[in-house]
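**Student:** I am sharing target.tsv, which consists of TSV, N, CA, C and O atoms:
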```
chain	number	residue	atom	x	y	z
A	1	MET	N	-3.70	13.57	61.86
A	1	MET	CA	-4.20	12.21	62.03
A	1	MET	C	-4.44	11.58	60.66
A	1	MET	O	-5.08	12.16	59.79
A	2	LYS	N	-3.94	10.39	60.47
A	2	LYS	CA	-4.07	9.68	59.21
A	2	LYS	C	-5.45	9.02	59.11
A	2	LYS	O	-5.90	8.37	60.05
A	3	LYS	N	-6.10	9.21	57.97
A	3	LYS	CA	-7.42	8.62	57.76
A	3	LYS	C	-7.27	7.13	57.46
A	3	LYS	O	-6.42	6.74	56.66
A	4	LYS	N	-8.12	6.32	58.12
A	4	LYS	CA	-8.09	4.88	57.87
A	4	LYS	C	-8.72	4.57	56.52
A	4	LYS	O	-9.76	5.13	56.17
A	5	LEU	N	-8.11	3.69	55.77
A	5	LEU	CA	-8.66	3.25	54.49
A	5	LEU	C	-9.86	2.35	54.73
A	5	LEU	O	-9.86	1.53	55.66
A	6	LYS	N	-10.86	2.49	53.88
A	6	LYS	CA	-12.01	1.61	53.93
A	6	LYS	C	-11.55	0.19	53.57
A	6	LYS	O	-10.70	0.01	52.72
A	7	LYS	N	-12.12	-0.80	54.25
A	7	LYS	CA	-11.82	-2.21	53.96
A	7	LYS	C	-13.11	-2.92	53.58
A	7	LYS	O	-14.18	-2.55	54.04
A	8	ALA	N	-12.97	-3.95	52.76
A	8	ALA	CA	-14.12	-4.78	52.39
A	8	ALA	C	-13.67	-6.22	52.23
A	8	ALA	O	-12.54	-6.49	51.83
A	9	VAL	N	-14.58	-7.14	52.57
A	9	VAL	CA	-14.33	-8.56	52.42
A	9	VAL	C	-15.59	-9.19	51.83
A	9	VAL	O	-16.71	-8.88	52.26
A	10	ALA	N	-15.40	-10.05	50.84
A	10	ALA	CA	-16.53	-10.77	50.24
A	10	ALA	C	-16.46	-12.23	50.67
A	10	ALA	O	-15.39	-12.83	50.71
A	11	LEU	N	-17.64	-12.77	51.00
A	11	LEU	CA	-17.74	-14.17	51.39
A	11	LEU	C	-18.62	-14.91	50.40
A	11	LEU	O	-19.55	-14.34	49.82
A	12	LYS	N	-18.36	-16.19	50.26
A	12	LYS	CA	-19.21	-17.07	49.45
A	12	LYS	C	-19.47	-18.33	50.27
A	12	LYS	O	-18.55	-18.85	50.90
A	13	TYR	N	-20.72	-18.76	50.23
A	13	TYR	CA	-21.05	-19.98	50.96
A	13	TYR	C	-21.87	-20.90	50.08
A	13	TYR	O	-22.95	-20.55	49.61
A	14	ASP	N	-21.33	-22.06	49.83
A	14	ASP	CA	-22.03	-23.12	49.10
A	14	ASP	C	-22.01	-24.34	50.00
A	14	ASP	O	-21.00	-25.04	50.08
A	15	PRO	N	-23.14	-24.60	50.70
A	15	PRO	CA	-23.15	-25.71	51.66
A	15	PRO	C	-22.90	-27.08	51.02
A	15	PRO	O	-22.55	-28.02	51.72
A	16	LEU	N	-23.03	-27.17	49.71
A	16	LEU	CA	-22.75	-28.44	49.04
A	16	LEU	C	-21.25	-28.65	48.79
A	16	LEU	O	-20.81	-29.77	48.57
A	17	LYS	N	-20.49	-27.56	48.85
A	17	LYS	CA	-19.06	-27.66	48.54
A	17	LYS	C	-18.13	-27.42	49.74
A	17	LYS	O	-16.98	-27.81	49.70
A	18	SER	N	-18.63	-26.74	50.77
A	18	SER	CA	-17.78	-26.48	51.92
A	18	SER	C	-18.61	-26.41	53.19
A	18	SER	O	-19.80	-26.15	53.15
A	19	LYS	N	-17.94	-26.62	54.31
A	19	LYS	CA	-18.66	-26.63	55.59
A	19	LYS	C	-18.86	-25.23	56.16
A	19	LYS	O	-19.66	-25.04	57.06
A	20	ALA	N	-18.13	-24.25	55.64
A	20	ALA	CA	-18.24	-22.88	56.14
A	20	ALA	C	-18.03	-21.89	54.99
A	20	ALA	O	-17.43	-22.24	53.97
A	21	PRO	N	-18.51	-20.65	55.16
A	21	PRO	CA	-18.25	-19.63	54.14
A	21	PRO	C	-16.76	-19.41	53.94
A	21	PRO	O	-15.97	-19.61	54.87
A	22	LYS	N	-16.41	-19.00	52.73
A	22	LYS	CA	-15.01	-18.74	52.39
A	22	LYS	C	-14.82	-17.28	51.99
A	22	LYS	O	-15.73	-16.66	51.43
A	23	VAL	N	-13.64	-16.76	52.24
A	23	VAL	CA	-13.27	-15.42	51.80
A	23	VAL	C	-12.94	-15.49	50.31
A	23	VAL	O	-12.07	-16.25	49.91
A	24	THR	N	-13.68	-14.73	49.50
A	24	THR	CA	-13.45	-14.78	48.06
A	24	THR	C	-12.79	-13.51	47.52
A	24	THR	O	-12.27	-13.52	46.40
A	25	ALA	N	-12.85	-12.43	48.28
A	25	ALA	CA	-12.19	-11.19	47.88
A	25	ALA	C	-11.98	-10.35	49.13
A	25	ALA	O	-12.77	-10.42	50.07
A	26	LYS	N	-10.92	-9.56	49.11
A	26	LYS	CA	-10.68	-8.63	50.21
A	26	LYS	C	-9.78	-7.53	49.70
A	26	LYS	O	-9.01	-7.71	48.75
A	27	GLY	N	-9.92	-6.37	50.32
A	27	GLY	CA	-9.07	-5.26	49.91
A	27	GLY	C	-9.37	-4.02	50.72
A	27	GLY	O	-10.30	-3.99	51.51
A	28	LYS	N	-8.57	-2.99	50.47
A	28	LYS	CA	-8.79	-1.72	51.14
A	28	LYS	C	-8.64	-0.59	50.14
A	28	LYS	O	-8.07	-0.77	49.06
A	29	GLY	N	-9.18	0.57	50.50
A	29	GLY	CA	-9.12	1.73	49.61
A	29	GLY	C	-9.91	1.51	48.34
A	29	GLY	O	-11.08	1.14	48.37
A	30	VAL	N	-9.24	1.72	47.21
A	30	VAL	CA	-9.89	1.60	45.89
A	30	VAL	C	-10.40	0.17	45.67
A	30	VAL	O	-11.48	-0.02	45.11
A	31	VAL	N	-9.65	-0.81	46.11
A	31	VAL	CA	-10.08	-2.21	45.94
A	31	VAL	C	-11.35	-2.48	46.75
A	31	VAL	O	-12.28	-3.12	46.27
A	32	ALA	N	-11.41	-1.96	47.96
A	32	ALA	CA	-12.61	-2.11	48.79
A	32	ALA	C	-13.81	-1.46	48.10
A	32	ALA	O	-14.91	-2.03	48.06
A	33	ASP	N	-13.59	-0.26	47.56
A	33	ASP	CA	-14.68	0.43	46.84
A	33	ASP	C	-15.18	-0.42	45.67
A	33	ASP	O	-16.38	-0.50	45.42
A	34	LYS	N	-14.26	-1.05	44.95
A	34	LYS	CA	-14.63	-1.88	43.79
A	34	LYS	C	-15.42	-3.11	44.24
A	34	LYS	O	-16.40	-3.50	43.60
A	35	ILE	N	-14.99	-3.75	45.33
A	35	ILE	CA	-15.72	-4.91	45.86
A	35	ILE	C	-17.14	-4.52	46.21
A	35	ILE	O	-18.10	-5.21	45.84
A	36	ILE	N	-17.31	-3.39	46.88
A	36	ILE	CA	-18.64	-2.92	47.27
A	36	ILE	C	-19.46	-2.56	46.05
A	36	ILE	O	-20.65	-2.91	45.95
A	37	GLN	N	-18.85	-1.89	45.09
A	37	GLN	CA	-19.55	-1.51	43.86
A	37	GLN	C	-20.03	-2.75	43.11
A	37	GLN	O	-21.19	-2.81	42.67
A	38	LEU	N	-19.18	-3.75	42.96
A	38	LEU	CA	-19.56	-4.98	42.25
A	38	LEU	C	-20.69	-5.71	42.97
A	38	LEU	O	-21.61	-6.23	42.33
A	39	ALA	N	-20.62	-5.74	44.29
A	39	ALA	CA	-21.68	-6.38	45.07
A	39	ALA	C	-23.01	-5.70	44.80
A	39	ALA	O	-24.02	-6.36	44.51
A	40	LYS	N	-23.02	-4.37	44.87
A	40	LYS	CA	-24.26	-3.63	44.65
A	40	LYS	C	-24.79	-3.81	43.22
A	40	LYS	O	-25.98	-3.96	43.02
A	41	GLU	N	-23.87	-3.82	42.25
A	41	GLU	CA	-24.27	-4.01	40.85
A	41	GLU	C	-24.93	-5.37	40.63
A	41	GLU	O	-25.77	-5.52	39.74
A	42	HIS	N	-24.54	-6.36	41.42
A	42	HIS	CA	-25.07	-7.71	41.27
A	42	HIS	C	-26.16	-8.04	42.28
A	42	HIS	O	-26.55	-9.20	42.45
A	43	GLY	N	-26.64	-7.02	42.98
A	43	GLY	CA	-27.74	-7.22	43.92
A	43	GLY	C	-27.35	-7.99	45.17
A	43	GLY	O	-28.20	-8.59	45.83
A	44	ILE	N	-26.07	-7.97	45.51
A	44	ILE	CA	-25.59	-8.65	46.70
A	44	ILE	C	-25.63	-7.67	47.86
A	44	ILE	O	-25.05	-6.59	47.78
A	45	PRO	N	-26.34	-8.01	48.94
A	45	PRO	CA	-26.42	-7.09	50.08
A	45	PRO	C	-25.04	-6.80	50.67
A	45	PRO	O	-24.17	-7.66	50.72
A	46	VAL	N	-24.87	-5.56	51.11
A	46	VAL	CA	-23.63	-5.11	51.72
A	46	VAL	C	-23.95	-4.69	53.15
A	46	VAL	O	-24.88	-3.94	53.39
A	47	LYS	N	-23.19	-5.21	54.09
A	47	LYS	CA	-23.40	-4.88	55.51
A	47	LYS	C	-22.14	-4.18	56.02
A	47	LYS	O	-21.03	-4.66	55.81
A	48	ASP	N	-22.32	-3.06	56.67
A	48	ASP	CA	-21.20	-2.31	57.23
A	48	ASP	C	-20.94	-2.79	58.65
A	48	ASP	O	-21.71	-2.51	59.56
A	49	ASP	N	-19.87	-3.57	58.82
A	49	ASP	CA	-19.50	-4.09	60.14
A	49	ASP	C	-17.97	-4.07	60.23
A	49	ASP	O	-17.31	-5.07	59.94
A	50	PRO	N	-17.41	-2.91	60.62
A	50	PRO	CA	-15.95	-2.77	60.64
A	50	PRO	C	-15.22	-3.82	61.48
A	50	PRO	O	-14.13	-4.26	61.10
A	51	ASP	N	-15.80	-4.23	62.60
A	51	ASP	CA	-15.14	-5.22	63.44
A	51	ASP	C	-15.05	-6.58	62.73
A	51	ASP	O	-14.01	-7.24	62.76
A	52	LEU	N	-16.14	-6.98	62.08
A	52	LEU	CA	-16.13	-8.25	61.36
A	52	LEU	C	-15.18	-8.18	60.16
A	52	LEU	O	-14.43	-9.12	59.91
A	53	VAL	N	-15.18	-7.07	59.46
A	53	VAL	CA	-14.27	-6.90	58.32
A	53	VAL	C	-12.81	-7.01	58.79
A	53	VAL	O	-11.98	-7.61	58.12
A	54	GLU	N	-12.53	-6.45	59.94
A	54	GLU	CA	-11.16	-6.51	60.47
A	54	GLU	C	-10.74	-7.96	60.70
A	54	GLU	O	-9.63	-8.37	60.34
A	55	VAL	N	-11.63	-8.76	61.28
A	55	VAL	CA	-11.32	-10.18	61.52
A	55	VAL	C	-11.18	-10.93	60.19
A	55	VAL	O	-10.22	-11.66	59.97
A	56	LEU	N	-12.15	-10.73	59.30
A	56	LEU	CA	-12.14	-11.46	58.03
A	56	LEU	C	-10.98	-11.07	57.13
A	56	LEU	O	-10.46	-11.90	56.39
A	57	SER	N	-10.56	-9.81	57.19
A	57	SER	CA	-9.46	-9.37	56.32
A	57	SER	C	-8.13	-10.01	56.71
A	57	SER	O	-7.20	-10.02	55.93
A	58	GLY	N	-8.06	-10.56	57.91
A	58	GLY	CA	-6.86	-11.27	58.34
A	58	GLY	C	-6.75	-12.68	57.80
A	58	GLY	O	-5.72	-13.33	57.92
A	59	LEU	N	-7.83	-13.17	57.17
A	59	LEU	CA	-7.83	-14.52	56.61
A	59	LEU	C	-7.27	-14.51	55.19
A	59	LEU	O	-7.35	-13.50	54.49
A	60	GLU	N	-6.74	-15.63	54.77
A	60	GLU	CA	-6.24	-15.77	53.40
A	60	GLU	C	-7.42	-15.93	52.44
A	60	GLU	O	-8.49	-16.40	52.84
A	61	LEU	N	-7.22	-15.57	51.19
A	61	LEU	CA	-8.25	-15.81	50.17
A	61	LEU	C	-8.54	-17.30	50.07
A	61	LEU	O	-7.63	-18.13	50.17
A	62	GLU	N	-9.79	-17.63	49.90
A	62	GLU	CA	-10.30	-19.00	49.81
A	62	GLU	C	-10.27	-19.75	51.13
A	62	GLU	O	-10.58	-20.94	51.19
A	63	ALA	N	-9.88	-19.06	52.22
A	63	ALA	CA	-9.89	-19.69	53.54
A	63	ALA	C	-11.32	-19.73	54.08
A	63	ALA	O	-12.08	-18.79	53.91
A	64	GLU	N	-11.68	-20.84	54.72
A	64	GLU	CA	-12.97	-20.92	55.39
A	64	GLU	C	-12.89	-20.08	56.66
A	64	GLU	O	-11.85	-19.99	57.30
A	65	ILE	N	-14.03	-19.49	57.03
A	65	ILE	CA	-14.04	-18.70	58.26
A	65	ILE	C	-13.82	-19.63	59.44
A	65	ILE	O	-14.23	-20.79	59.41
A	66	PRO	N	-13.19	-19.13	60.50
A	66	PRO	CA	-12.94	-19.97	61.67
A	66	PRO	C	-14.21	-20.17	62.50
A	66	PRO	O	-15.11	-19.32	62.50
A	67	PRO	N	-14.31	-21.31	63.18
A	67	PRO	CA	-15.49	-21.59	64.01
A	67	PRO	C	-15.81	-20.49	65.02
A	67	PRO	O	-16.97	-20.28	65.36
A	68	SER	N	-14.82	-19.76	65.47
A	68	SER	CA	-15.04	-18.72	66.48
A	68	SER	C	-15.95	-17.59	65.99
A	68	SER	O	-16.50	-16.85	66.81
A	69	ILE	N	-16.13	-17.44	64.67
A	69	ILE	CA	-17.02	-16.39	64.17
A	69	ILE	C	-18.22	-16.94	63.40
A	69	ILE	O	-18.90	-16.20	62.70
A	70	TYR	N	-18.49	-18.24	63.54
A	70	TYR	CA	-19.66	-18.84	62.87
A	70	TYR	C	-20.95	-18.10	63.18
A	70	TYR	O	-21.74	-17.82	62.29
A	71	ILE	N	-21.18	-17.77	64.45
A	71	ILE	CA	-22.45	-17.14	64.84
A	71	ILE	C	-22.59	-15.77	64.19
A	71	ILE	O	-23.64	-15.44	63.65
A	72	VAL	N	-21.52	-14.98	64.21
A	72	VAL	CA	-21.57	-13.65	63.62
A	72	VAL	C	-21.83	-13.74	62.12
A	72	VAL	O	-22.64	-13.00	61.57
A	73	VAL	N	-21.16	-14.66	61.45
A	73	VAL	CA	-21.34	-14.80	60.00
A	73	VAL	C	-22.71	-15.39	59.70
A	73	VAL	O	-23.34	-15.02	58.71
A	74	ALA	N	-23.23	-16.26	60.55
A	74	ALA	CA	-24.59	-16.79	60.36
A	74	ALA	C	-25.60	-15.64	60.42
A	74	ALA	O	-26.55	-15.60	59.62
A	75	GLU	N	-25.39	-14.70	61.32
A	75	GLU	CA	-26.26	-13.52	61.39
A	75	GLU	C	-26.14	-12.68	60.12
A	75	GLU	O	-27.13	-12.17	59.61
A	76	LEU	N	-24.93	-12.58	59.60
A	76	LEU	CA	-24.70	-11.85	58.36
A	76	LEU	C	-25.42	-12.53	57.19
A	76	LEU	O	-26.07	-11.87	56.37
A	77	LEU	N	-25.32	-13.85	57.13
A	77	LEU	CA	-26.01	-14.58	56.06
A	77	LEU	C	-27.53	-14.45	56.19
A	77	LEU	O	-28.23	-14.29	55.18
A	78	ALA	N	-28.04	-14.47	57.41
A	78	ALA	CA	-29.48	-14.28	57.62
A	78	ALA	C	-29.89	-12.90	57.13
A	78	ALA	O	-30.94	-12.74	56.49
A	79	PHE	N	-29.06	-11.89	57.40
A	79	PHE	CA	-29.31	-10.54	56.90
A	79	PHE	C	-29.37	-10.54	55.37
A	79	PHE	O	-30.28	-9.99	54.77
A	80	ALA	N	-28.37	-11.18	54.74
A	80	ALA	CA	-28.32	-11.21	53.28
A	80	ALA	C	-29.53	-11.91	52.69
A	80	ALA	O	-30.13	-11.42	51.72
A	81	TYR	N	-29.91	-13.05	53.26
A	81	TYR	CA	-31.08	-13.77	52.75
A	81	TYR	C	-32.35	-12.95	52.92
A	81	TYR	O	-33.20	-12.92	52.04
A	82	SER	N	-32.48	-12.23	54.04
A	82	SER	CA	-33.67	-11.42	54.25
A	82	SER	C	-33.72	-10.25	53.27
A	82	SER	O	-34.78	-9.87	52.79
A	83	MET	N	-32.55	-9.69	52.94
A	83	MET	CA	-32.50	-8.60	51.97
A	83	MET	C	-32.87	-9.08	50.57
A	83	MET	O	-33.43	-8.35	49.79
A	84	ASN	N	-32.53	-10.31	50.28
A	84	ASN	CA	-32.84	-10.89	48.97
A	84	ASN	C	-34.24	-11.49	48.91
A	84	ASN	O	-34.66	-11.93	47.85
A	85	GLY	N	-34.90	-11.56	50.06
A	85	GLY	CA	-36.24	-12.16	50.08
A	85	GLY	C	-36.21	-13.66	49.85
A	85	GLY	O	-37.16	-14.25	49.39
A	86	LYS	N	-35.08	-14.27	50.19
A	86	LYS	CA	-34.93	-15.71	49.99
A	86	LYS	C	-34.88	-16.42	51.33
A	86	LYS	O	-34.50	-15.84	52.34
A	87	LYS	N	-35.18	-17.69	51.28
A	87	LYS	CA	-34.99	-18.52	52.46
A	87	LYS	C	-33.57	-19.06	52.42
A	87	LYS	O	-32.97	-19.20	51.36
A	88	ARG	N	-33.06	-19.36	53.59
A	88	ARG	CA	-31.70	-19.90	53.65
A	88	ARG	C	-31.68	-21.30	53.04
A	88	ARG	O	-32.70	-22.01	53.01
A	89	PRO	N	-30.51	-21.71	52.52
A	89	PRO	CA	-30.42	-23.04	51.94
A	89	PRO	C	-30.65	-24.12	52.98
A	89	PRO	O	-30.30	-23.95	54.14
A	90	ALA	N	-31.25	-25.22	52.56
A	90	ALA	CA	-31.54	-26.34	53.48
A	90	ALA	C	-30.29	-27.12	53.77
A	90	ALA	O	-29.35	-27.14	53.05
```
Please express the file's structure as structure tokens.
**Tutor:**
Amino acid sequence: MKKKLKKAVALKYDPLKSKAPKVTAKGKGVVADKIIQLAKEHGIPVKDDPDLVEVLSGLELEAEIPPSIYIVVAELLAFAYSMNGKKRPA
């Protein structure tokens, strides 16, 4: 049985510049490990959600997330803000 490669996707959300979060990085294997490592080095929370990563990895870089996953990503952002001890942007 072939082992599945780890996947990672990074999102960025600036409510002043876009209406939805955008995919800023994605990769699998060594690239996924590097994305996760860089996030941790910069104090960016990392959430393990293979189903969400699968959906997000199908998007192009700099693409806004589709409305069909707004709720899931909103929960992810709430998680990130709570981990950082910050309030969500107004």
**Student:** Do you know which residues are at most 8 Å from Leu56 of chain A counting only N, CA, C and O atoms, after dropping those on the same chain fewer than 3 positions away, and could you put them as a ChimeraX atom specification?
**Tutor:** /A:8-10,23,25-26,49-53,59-61,63,65
**Student:** State, in Å with one decimal place, the distance from atom N of Ile71 of chain A to atom CA of Val55 of chain A.
**Tutor:**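 So the answer is 12.8 Å.
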**Student:** To one decimal place, how far is atom CA of Phe79 of chain A from atom CA of Leu5 of chain A in Å?
**Tutor:** 24.9 Å
**Student:** As a ChimeraX atom specification, please: every residue in chain A that DSSP puts in strand (DSSP E).
**Tutor:** /A:7-12,22-28
**Student:** To one decimal place, how far is atom O of Leu11 of chain A from atom O of Ala39 of chain A in Å?
**Tutor:** 10.6 Å
**Student:** Could you pull the residues within 7 Å of segment 41-44 of chain A, counting all atoms listed in the file, minus those fewer than 3 positions along the same chain, as a PyMOL selection string?
**Tutor:** chain A and resi 35-38+47+80+83-84
**Student:** Could you check the closest approach to Pro21 of chain A for each of A:Glu64, A:Asp48, A:Lys4, A:Asp33 and tell me which residue wins, using all atoms listed in the file?
**Tutor:**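 Of A:Glu64, A:Asp48, A:Lys4, A:Asp33, the one nearest Pro21 of chain A, counting all atoms listed in the file, is A:Glu64.
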**Student:** Which one of A:Lys6, A:Pro45, A:Pro15, A:Gly58 sits closest to Lys28 of chain A if you count all atoms listed in the file?
**Tutor:**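 Looking at the shortest contact to Lys28 of chain A, the residue is A:Lys6.
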**Student:** Can you pull out every residue from chain A that DSSP, working from the backbone, puts in alpha helix (DSSP H), and format the result as a PyMOL selection string?
**Tutor:** chain A and resi 30-41+50-57+70-84
**Student:** Can you work out which one of A:Ser57, A:Pro67, A:Lys7, A:Tyr13 has the shortest atom-to-atom distance to Val30 of chain A, counting only C-alpha atoms?
**Tutor:**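 Among A:Ser57, A:Pro67, A:Lys7, A:Tyr13, it is A:Lys7 that comes nearest to Val30 of chain A.
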**Student:** Using only C-alpha atoms, which of the listed residues (A:Glu54, A:Thr24, A:Ala32, A:Ser82) sits closest to Lys12 of chain A?
**Tutor:** A:Thr24
**Student:** Could you write segment 21-31 of chain A as a PDB file, in the coordinates of the input, with all heavy atoms rebuilt where they are missing?
**Tutor:**
```pdb
ATOM      1  N   PRO A  21     -18.510 -20.650  55.160  1.00  0.00           N
ATOM      2  CA  PRO A  21     -18.250 -19.630  54.140  1.00  0.00           C
ATOM      3  C   PRO A  21     -16.760 -19.410  53.940  1.00  0.00           C
ATOM      4  O   PRO A  21     -15.970 -19.610  54.870  1.00  0.00           O
ATOM      5  CB  PRO A  21     -18.916 -18.380  54.731  1.00  0.00           C
ATOM      6  CG  PRO A  21     -19.946 -18.902  55.674  1.00  0.00           C
ATOM      7  CD  PRO A  21     -19.346 -20.156  56.251  1.00  0.00           C
ATOM      8  N   LYS A  22     -16.410 -19.000  52.730  1.00  0.00           N
ATOM      9  CA  LYS A  22     -15.010 -18.740  52.390  1.00  0.00           C
ATOM     10  C   LYS A  22     -14.820 -17.280  51.990  1.00  0.00           C
ATOM     11  O   LYS A  22     -15.730 -16.660  51.430  1.00  0.00           O
ATOM     12  CB  LYS A  22     -14.573 -19.607  51.207  1.00  0.00           C
ATOM     13  CG  LYS A  22     -14.467 -21.076  51.519  1.00  0.00           C
ATOM     14  CD  LYS A  22     -13.953 -21.831  50.315  1.00  0.00           C
ATOM     15  CE  LYS A  22     -13.794 -23.306  50.658  1.00  0.00           C
ATOM     16  NZ  LYS A  22     -13.205 -24.041  49.534  1.00  0.00           N
ATOM     17  N   VAL A  23     -13.640 -16.760  52.240  1.00  0.00           N
ATOM     18  CA  VAL A  23     -13.270 -15.420  51.800  1.00  0.00           C
ATOM     19  C   VAL A  23     -12.940 -15.490  50.310  1.00  0.00           C
ATOM     20  O   VAL A  23     -12.070 -16.250  49.910  1.00  0.00           O
ATOM     21  CB  VAL A  23     -12.044 -14.891  52.596  1.00  0.00           C
ATOM     22  CG1 VAL A  23     -11.573 -13.559  52.041  1.00  0.00           C
ATOM     23  CG2 VAL A  23     -12.371 -14.790  54.074  1.00  0.00           C
ATOM     24  N   THR A  24     -13.680 -14.730  49.500  1.00  0.00           N
ATOM     25  CA  THR A  24     -13.450 -14.780  48.060  1.00  0.00           C
ATOM     26  C   THR A  24     -12.790 -13.510  47.520  1.00  0.00           C
ATOM     27  O   THR A  24     -12.270 -13.520  46.400  1.00  0.00           O
ATOM     28  CB  THR A  24     -14.758 -15.031  47.295  1.00  0.00           C
ATOM     29  OG1 THR A  24     -15.696 -14.018  47.652  1.00  0.00           O
ATOM     30  CG2 THR A  24     -15.318 -16.402  47.614  1.00  0.00           C
ATOM     31  N   ALA A  25     -12.850 -12.430  48.280  1.00  0.00           N
ATOM     32  CA  ALA A  25     -12.190 -11.190  47.880  1.00  0.00           C
ATOM     33  C   ALA A  25     -11.980 -10.350  49.130  1.00  0.00           C
ATOM     34  O   ALA A  25     -12.770 -10.420  50.070  1.00  0.00           O
ATOM     35  CB  ALA A  25     -13.037 -10.433  46.865  1.00  0.00           C
ATOM     36  N   LYS A  26     -10.920  -9.560  49.110  1.00  0.00           N
ATOM     37  CA  LYS A  26     -10.680  -8.630  50.210  1.00  0.00           C
ATOM     38  C   LYS A  26      -9.780  -7.530  49.700  1.00  0.00           C
ATOM     39  O   LYS A  26      -9.010  -7.710  48.750  1.00  0.00           O
ATOM     40  CB  LYS A  26     -10.086  -9.323  51.428  1.00  0.00           C
ATOM     41  CG  LYS A  26      -8.715  -9.941  51.215  1.00  0.00           C
ATOM     42  CD  LYS A  26      -8.228 -10.602  52.476  1.00  0.00           C
ATOM     43  CE  LYS A  26      -6.805 -11.129  52.294  1.00  0.00           C
ATOM     44  NZ  LYS A  26      -6.250 -11.593  53.550  1.00  0.00           N
ATOM     45  N   GLY A  27      -9.920  -6.370  50.320  1.00  0.00           N
ATOM     46  CA  GLY A  27      -9.070  -5.260  49.910  1.00  0.00           C
ATOM     47  C   GLY A  27      -9.370  -4.020  50.720  1.00  0.00           C
ATOM     48  O   GLY A  27     -10.300  -3.990  51.510  1.00  0.00           O
ATOM     49  N   LYS A  28      -8.570  -2.990  50.470  1.00  0.00           N
ATOM     50  CA  LYS A  28      -8.790  -1.720  51.140  1.00  0.00           C
ATOM     51  C   LYS A  28      -8.640  -0.590  50.140  1.00  0.00           C
ATOM     52  O   LYS A  28      -8.070  -0.770  49.060  1.00  0.00           O
ATOM     53  CB  LYS A  28      -7.874  -1.547  52.342  1.00  0.00           C
ATOM     54  CG  LYS A  28      -6.428  -1.804  52.124  1.00  0.00           C
ATOM     55  CD  LYS A  28      -5.682  -1.750  53.453  1.00  0.00           C
ATOM     56  CE  LYS A  28      -4.302  -2.368  53.286  1.00  0.00           C
ATOM     57  NZ  LYS A  28      -3.558  -2.375  54.513  1.00  0.00           N
ATOM     58  N   GLY A  29      -9.180   0.570  50.500  1.00  0.00           N
ATOM     59  CA  GLY A  29      -9.120   1.730  49.610  1.00  0.00           C
ATOM     60  C   GLY A  29      -9.910   1.510  48.340  1.00  0.00           C
ATOM     61  O   GLY A  29     -11.080   1.140  48.370  1.00  0.00           O
ATOM     62  N   VAL A  30      -9.240   1.720  47.210  1.00  0.00           N
ATOM     63  CA  VAL A  30      -9.890   1.600  45.890  1.00  0.00           C
ATOM     64  C   VAL A  30     -10.400   0.170  45.670  1.00  0.00           C
ATOM     65  O   VAL A  30     -11.480  -0.020  45.110  1.00  0.00           O
ATOM     66  CB  VAL A  30      -8.900   2.008  44.766  1.00  0.00           C
ATOM     67  CG1 VAL A  30      -9.499   1.789  43.402  1.00  0.00           C
ATOM     68  CG2 VAL A  30      -8.484   3.459  44.930  1.00  0.00           C
ATOM     69  N   VAL A  31      -9.650  -0.810  46.110  1.00  0.00           N
ATOM     70  CA  VAL A  31     -10.080  -2.210  45.940  1.00  0.00           C
ATOM     71  C   VAL A  31     -11.350  -2.480  46.750  1.00  0.00           C
ATOM     72  O   VAL A  31     -12.280  -3.120  46.270  1.00  0.00           O
ATOM     73  CB  VAL A  31      -8.944  -3.195  46.327  1.00  0.00           C
ATOM     74  CG1 VAL A  31      -9.434  -4.631  46.256  1.00  0.00           C
ATOM     75  CG2 VAL A  31      -7.743  -2.998  45.422  1.00  0.00           C
TER      76      VAL A  31
END
```
